[in-house]
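What follows is one structure encoded as structure tokens, with my remarks underneath.
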Amino acid sequence: MWFGTDDGVVRYDGTNIIHYEHEDGLSDYSVIRIKEDLSGRLWLLNFNGTVNYILNNKVYNDTNSPFLREIKSNQIISDFYQDPRDSLIYFYSITSEVFVLKDDEIYDYRKFTLDNEEEITLFQIQKTQGNDLILWSNMSKFKTNSFNGKLKQVSYPVQLQKTIFTNTNYIATIDNEGFLCLYDDEKLIQKDIIRCSSVHVNSILIDQEGFIWISTFDKGIYCYKEGTLVLELDIKLAQTLIEDQENNIWACSLSGGVYKINRNILKFGFLDKSNFDNRGITAVTRANDGGVWVSNGTSITKLKNDELYQSNISVNSQVINQLYQCKNNKLFAKGTSTGLFVIDKINSDDKQNSVTCNDPQRVLYSFNKLIVDQSEEYIFSYVNDEAILIRLNVDYKLSRIPLRKGRIRNIALNRHNNVIVNTLKNYSLEIHEDLFEQNESYTISVDSTLEKFDGKKMISQCSINDKFDLYNFEGNQLVLQSDGIIYDGLLDSENNQIDHQIKDLFYSDSTLFFSTTKTVYYISNPLNIVDNKPIKLNRINIDFKSINNIYCAEGKLYIASIEGLTYIPVSEIVHSPAQPPTPYIYKVITDDKPIDLSSNQIEYKNKARLSIEFSSLNYSSIPSEYSYRMKGLDTEWSSGHETRVVYLNLDPGEYTFQIKSRKNKEQFGEIIELPVVVHPTILQRTSSKIALLVLLLMLLSLIIRAIYRRKIKQKETDHLLISLEHKALQSMMNPHFIFNALGSIQGYLLQNKSSEAGTYLSQFARLIRQNMNSLKSNYICIDDEVERLRNYIDLEKLRMNNRFDFEIYVDENIDSYEVCIPSMTVQPFIENAIWHGISTIEDGGKIKVTFNSLDEKSIEVIVEDNGVGIENSNPTAKSGHGLNMGMNLTKKRLRLIGERYGVTSEISSKNISNDPDWPGTQIKIIIPIVDGES
């Protein structure tokens, strides 16, 4: 539905509201009329004389639809007529200006006047079957055989106050005396149907059942059936009337907004609280002589044959919420935590519509509930942890039954006339006939049938018949019980649409009614559950502010609420099928980009996300349920109340999105379809796939080639390392060192220093053994390396007659037993320090070797001496030729090993001091830490 307001246009589908304003393209905020043409365009006739139209939810004005510039009047464009034969559209104003639109161009224009140039107050335009143009005015009806032809008066002058196109395409005329006539084409089909008391008629509607609705500016809304006024609504400044697809009547008002008039208002009865001293209805029960008794909480009155009876029954401002009339005509009234009131000597005068009785008598103190047994001999109730039994018809004697089973939350009377007591457990209380003579004349036992509902509060209960009882636990669980069998599926997860707690129950004529505070639900034939037949949950199409009580009597359902008393024929409830709502799709988004739906088809390239949003035309209080699927992808339908579905990574192809909706678990309505075409992206095309495959093969070939080259290079590196390691070993065992060591041993022997010779020889042999062990592994732990270096330096120190001292320091952050370095890497630098650095010092030489921790991948080795320094050494001497070769081999090995382990190996040197004769030398070596198990 679309509403024209003084602040733009409002689109409403029963759930969603969309507001169109000047920013959306409107030429004026004040829209006086909205009307649809045969092509689906929605025309907006504006207060400033301009015209807009909406198509596919887009507003068109004189900017994006230039022909609209030519449809503008100094007065308001009041309406248009479209000829179904040639689709010409005639826009006209009340000052008789007419614009003819054809194929989005102004085809013709005329200002109609009489021969004396007198203006016509133009109400309506129409075409006859004979293609004559008819003009309805306040003066008469005029005809012309062509748009530019001469006007001819075709009826006697009649002063009309209004002519209106009805929704049935009749012309309705109202003369100045208020008589309404209907014309079909130019033929009078009904004359003086009704006489309306208002001279300011704004809209006339003929609904699907033939009722005529009239909105007036000054006297509200009238409804007539066969000339008789059946309803009058006091809606101020009423304007347009429309009927939706659910047959509800909608009325617009300049002062009160929009009113929805339920389609069944003419079949339902309603007495608002103004009939009850402006108090809502708190209780209702049957009356023995017909009709019902109702209470507003302080007084009691009778409703019979849609008439309220005058009554003097008052209970002195007590809050009455329960009523019951016995067969002996005594009327009981009870409120929350009040005593029992008895009204007798009741006389109803149907001629005077009045009730007289004795004053209500309060016969007992407060108790919680009023339950009368089937024989009407007793009233059952409770207070705290005691059951209450009241004897009727004699002396209203009260007996208290201390159950001692915990605080009682509720009681009920089952079909066997046993009292069901609801505490934290559920008990069955059987009353013996001599209870009033003996204190313990009752039997109480756990009700094993209801044991599974222990801990749940019983809200209400009713008996279905002599075989079944119905219990309402926790306000959302209906339980059918019969002879020890429980049927607990009346409100299963699929059918449960109840959004408030169930409050009251009533069973009548095979139909179970139950209410929440908001509305009334019903289940036809609830006993179908016993035979495993489907159970259908329904609800009436009325919402209430707060329901206090429901009751069925004389074929009517009475609903007592704070708004008043509503009564509805049960047949109208049970046998009125709910019309399924019409679904529609209003938004489609791919990757956060909206898609235009004007073509009624979606086409897009394969994206990661497709979002479809939908709704339905549903103007009732019953929510819509949707069922949808993507045909071509889904085989099953998905159902629920959500209004958005998202599809991810739809494969290229053709699909159809299908959606249908329903209410009240009735049958689904028509299926709405939206074709979806998913085009492949460039990468999903066959040619692209072939090209991509070729590229992948080429890339794979390059990768294989690179891996092969890398393996070749690795083999070459490994071979080079092996070669370098052998050469390094050879450099460590250079002949000069061996000859010097053997010469030292020989010198000790010639000097008869056999002990020194033995010690030297032992150390030399040990060093030879350590060097030979290096052949077994390419790596050595720090601890072993320090021991080997210490042995080597000791031999050199002995050979040089102890002319120098040395020390070896290992950083405490280094685990010398676990950390490994490449073997044969440090000795060449120490050997260089001895042979080139301190060999010429007569006494006081010093060598220091330090192992420092750098990071988890490398360590730093520093070799320092206080010798002649780098510049003064003689690296070209014969004695040093082998040493230089060993250092160069070590540098190459460290570089290759560093590349393997991701470490940049470095060797740097500098003088330690500024002494020109003995500056000393410091060598820093960055060595990678390697896997000791390799």
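In the structure tokens, each chain is lettered A, B, ... as it comes, each chain's residues begin at 1, and ligands are numbered from 1 in order of appearance.
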
Open item on the list: Please identify the strand (DSSP E or B) residues within stretch 436-648 of chain A (assignment by DSSP from backbone atoms) and present them as an NGL selection string.
Closed with: :A and (442-446 or 458-463 or 469-473 or 477-482 or 485-487 or 504-508 or 511-515 or 520-524 or 537-539 or 547-553 or 556-561 or 564-569 or 582-590 or 593-594 or 602-605 or 609-617 or 625-631 or 634 or 638-640 or 644-648)

Open item on the list: Taking only C-alpha atoms into account, name the residue in A:Arg110, A:His19, A:Lys663, A:Lys72 that is nearest to A:Asn48.
Closed with: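 Among the listed residues, A:Lys72 lies closest to A:Asn48.
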
Open item on the list: Using only C-alpha atoms, which protein or nucleic acid residues come within 10 Å of A:Lys187? Drop anything in the same chain fewer than 6 positions from it, and give the result as a ChimeraX atom specification.
Closed with: /A:128,170-171

Deliver the residues from the most recent selection as a file, using C-alpha atoms, as a short mmCIF file (atom, residue, chain, number, x, y, z; two decimals), in the first residue's frame.
```cif
data_model
loop_
_atom_site.label_atom_id
_atom_site.label_comp_id
_atom_site.auth_asym_id
_atom_site.auth_seq_id
_atom_site.Cartn_x
_atom_site.Cartn_y
_atom_site.Cartn_z
CA THR A 128 -17.87 5.19 -23.28
CA TYR A 170 -18.49 2.52 -11.36
CA ILE A 171 -19.12 6.22 -11.26
#
```

Open item on the list: I want to know what sits within 9 Å of A:Glu246, based on only C-alpha atoms, with residues of the same chain fewer than 5 positions away left out; could you give that as an NGL selection string?
Closed with: :A and (263 or 578-581 or 618-620)

Dump of all heavy atoms for the selected residues, as a short mmCIF file (atom, residue, chain, number, x, y, z; two decimals), in the first residue's frame:
```
data_model
loop_
_atom_site.label_atom_id
_atom_site.label_comp_id
_atom_site.auth_asym_id
_atom_site.auth_seq_id
_atom_site.Cartn_x
_atom_site.Cartn_y
_atom_site.Cartn_z
N ARG A 263 -11.69 -6.75 8.54
CA ARG A 263 -12.71 -7.15 7.57
C ARG A 263 -13.91 -7.80 8.25
O ARG A 263 -15.00 -7.85 7.69
CB ARG A 263 -12.11 -8.14 6.56
CG ARG A 263 -11.63 -9.44 7.19
CD ARG A 263 -11.13 -10.39 6.15
NE ARG A 263 -10.66 -11.64 6.74
CZ ARG A 263 -10.31 -12.71 6.03
NH1 ARG A 263 -10.35 -12.66 4.73
NH2 ARG A 263 -9.91 -13.79 6.64
N ALA A 578 -7.68 -18.56 6.39
CA ALA A 578 -6.75 -17.44 6.28
C ALA A 578 -6.22 -17.34 4.85
O ALA A 578 -5.81 -18.33 4.26
CB ALA A 578 -5.59 -17.62 7.25
N GLN A 579 -6.29 -16.15 4.29
CA GLN A 579 -5.79 -15.94 2.94
C GLN A 579 -4.27 -15.83 2.97
O GLN A 579 -3.72 -15.04 3.72
CB GLN A 579 -6.40 -14.67 2.36
CG GLN A 579 -6.01 -14.42 0.90
CD GLN A 579 -6.76 -13.24 0.34
OE1 GLN A 579 -7.67 -12.73 0.97
NE2 GLN A 579 -6.38 -12.79 -0.84
N PRO A 580 -3.58 -16.67 2.19
CA PRO A 580 -2.11 -16.64 2.25
C PRO A 580 -1.57 -15.30 1.77
O PRO A 580 -2.09 -14.71 0.82
CB PRO A 580 -1.68 -17.77 1.31
CG PRO A 580 -2.85 -17.99 0.40
CD PRO A 580 -4.07 -17.66 1.20
N PRO A 581 -0.56 -14.78 2.44
CA PRO A 581 0.03 -13.52 2.00
C PRO A 581 0.81 -13.70 0.70
O PRO A 581 1.27 -14.79 0.38
CB PRO A 581 0.97 -13.15 3.16
CG PRO A 581 1.31 -14.45 3.80
CD PRO A 581 0.11 -15.34 3.63
N ASN A 618 1.19 -8.63 4.01
CA ASN A 618 0.48 -9.24 5.14
C ASN A 618 0.04 -8.14 6.08
O ASN A 618 0.85 -7.55 6.79
CB ASN A 618 1.39 -10.24 5.86
CG ASN A 618 0.72 -10.86 7.06
OD1 ASN A 618 -0.49 -10.77 7.23
ND2 ASN A 618 1.50 -11.50 7.90
N TYR A 619 -1.27 -7.86 6.08
CA TYR A 619 -1.79 -6.77 6.89
C TYR A 619 -2.53 -7.26 8.13
O TYR A 619 -3.25 -6.50 8.76
CB TYR A 619 -2.71 -5.89 6.04
CG TYR A 619 -2.02 -5.35 4.82
CD1 TYR A 619 -2.37 -5.77 3.55
CD2 TYR A 619 -0.99 -4.43 4.94
CE1 TYR A 619 -1.72 -5.29 2.43
CE2 TYR A 619 -0.33 -3.94 3.83
CZ TYR A 619 -0.70 -4.38 2.58
OH TYR A 619 -0.05 -3.90 1.48
N SER A 620 -2.35 -8.53 8.47
CA SER A 620 -2.94 -9.06 9.68
C SER A 620 -1.89 -9.08 10.78
O SER A 620 -0.71 -8.83 10.55
CB SER A 620 -3.48 -10.47 9.45
OG SER A 620 -2.42 -11.40 9.34
#
```

Open item on the list: Calculated over only C-alpha atoms, which of the candidates A:Val479, A:Leu565, A:Ile782, A:Leu68 has the smallest distance to A:Asn275?
Closed with: A:Leu565

- [ ] Quick one: everything within 10 Å of A:Val676, counting only C-alpha atoms, minus sequence neighbours fewer than 3 positions away in the same chain. Send it as a PyMOL selection string.
- [x] chain A and resi 600-604+630-632+653-657+673+679

Open item on the list: Could you pull out the alpha helix (DSSP H) residues of stretch 735-919 of chain A, going by DSSP on the backbone, and write them as a PyMOL selection string?
Closed with: chain A and resi 735-750+754-773+782-799+827-832+878-901

Task: Spatial neighbours of A:Thr163, 9 Å, only C-alpha atoms, chain gap at least 2 places, as a VMD selection string - done: chain A and resid 123 to 124 136 to 138 160 to 161 165 171 to 175

Next, write the just-selected residues to a file, as a CSV table (one decimal), in the first residue's frame, keeping N, CA, C and O atoms as the atom set.
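Produced file again-v5.csv, reproduced below:
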```csv
chain,number,residue,atom,x,y,z
A,123,PHE,N,-15.3,17.0,-12.3
A,123,PHE,CA,-15.1,16.0,-11.3
A,123,PHE,C,-14.4,14.7,-11.9
A,123,PHE,O,-13.5,14.2,-11.3
A,124,GLN,N,-15.0,14.2,-13.0
A,124,GLN,CA,-14.4,13.0,-13.6
A,124,GLN,C,-14.5,13.0,-15.1
A,124,GLN,O,-15.3,13.7,-15.7
A,136,TRP,N,-18.0,14.6,-16.2
A,136,TRP,CA,-18.9,14.8,-15.1
A,136,TRP,C,-18.5,16.1,-14.3
A,136,TRP,O,-17.4,16.2,-13.9
A,137,SER,N,-19.5,16.9,-14.2
A,137,SER,CA,-19.2,18.2,-13.5
A,137,SER,C,-20.3,18.4,-12.5
A,137,SER,O,-21.2,17.6,-12.3
A,138,ASN,N,-20.2,19.5,-11.8
A,138,ASN,CA,-21.2,19.9,-10.8
A,138,ASN,C,-22.5,20.3,-11.4
A,138,ASN,O,-23.5,20.2,-10.8
A,160,LEU,N,-24.7,18.4,-8.5
A,160,LEU,CA,-23.9,17.4,-7.9
A,160,LEU,C,-22.8,18.0,-7.0
A,160,LEU,O,-22.2,18.9,-7.3
A,161,GLN,N,-22.7,17.4,-5.8
A,161,GLN,CA,-21.6,17.8,-4.9
A,161,GLN,C,-20.4,17.0,-5.2
A,161,GLN,O,-19.3,17.4,-4.8
A,165,PHE,N,-15.0,7.9,-8.9
A,165,PHE,CA,-14.7,6.5,-9.4
A,165,PHE,C,-14.6,5.6,-8.2
A,165,PHE,O,-13.8,5.8,-7.3
A,171,ILE,N,-19.1,4.8,-11.6
A,171,ILE,CA,-19.1,6.2,-11.3
A,171,ILE,C,-20.2,6.4,-10.2
A,171,ILE,O,-21.4,6.1,-10.4
A,172,ALA,N,-19.8,6.9,-9.1
A,172,ALA,CA,-20.8,7.2,-8.0
A,172,ALA,C,-21.0,8.7,-8.0
A,172,ALA,O,-20.1,9.5,-7.9
A,173,THR,N,-22.3,9.1,-8.0
A,173,THR,CA,-22.6,10.5,-7.9
A,173,THR,C,-23.4,10.8,-6.7
A,173,THR,O,-24.2,10.0,-6.2
A,174,ILE,N,-23.1,11.9,-6.1
A,174,ILE,CA,-23.8,12.4,-4.9
A,174,ILE,C,-24.3,13.8,-5.1
A,174,ILE,O,-23.5,14.7,-5.4
A,175,ASP,N,-25.6,13.9,-5.1
A,175,ASP,CA,-26.2,15.2,-5.3
A,175,ASP,C,-26.2,16.1,-4.0
A,175,ASP,O,-25.7,15.6,-3.0
```

TODO: Considering only C-alpha atoms, state which residue in the set A:Thr228, A:Asn176, A:Asn465, A:Gln245 is at the smallest distance from A:Ile193.
DONE: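 Of A:Thr228, A:Asn176, A:Asn465, A:Gln245, the one nearest A:Ile193 is A:Thr228, counting only C-alpha atoms.
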
- [ ] May I ask for the distance between atom CA of A:Ile585 and atom CA of A:Phe614, given in Å to one decimal place?
- [x]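 For atom CA of A:Ile585 relative to atom CA of A:Phe614, the distance reads 4.2 Å.
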
Open item on the list: If we count only C-alpha atoms and set the cut-off at 9 Å, which residues sit around A:Glu307, ignoring sequence neighbours fewer than 4 positions away in its own chain? Please answer as a PyMOL selection string.
Closed with: chain A and resi 302-303+353

Task: Nearest candidate to A:Lys405 (options A:Tyr522, A:Tyr378, A:Tyr222, A:Tyr427; using only C-alpha atoms) - done: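 Closest to A:Lys405 of all the choices is A:Tyr427.
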
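Across the structure, atom CA of A:Glu807 and atom CA of A:Lys848 are spaced 5.0 Å apart.
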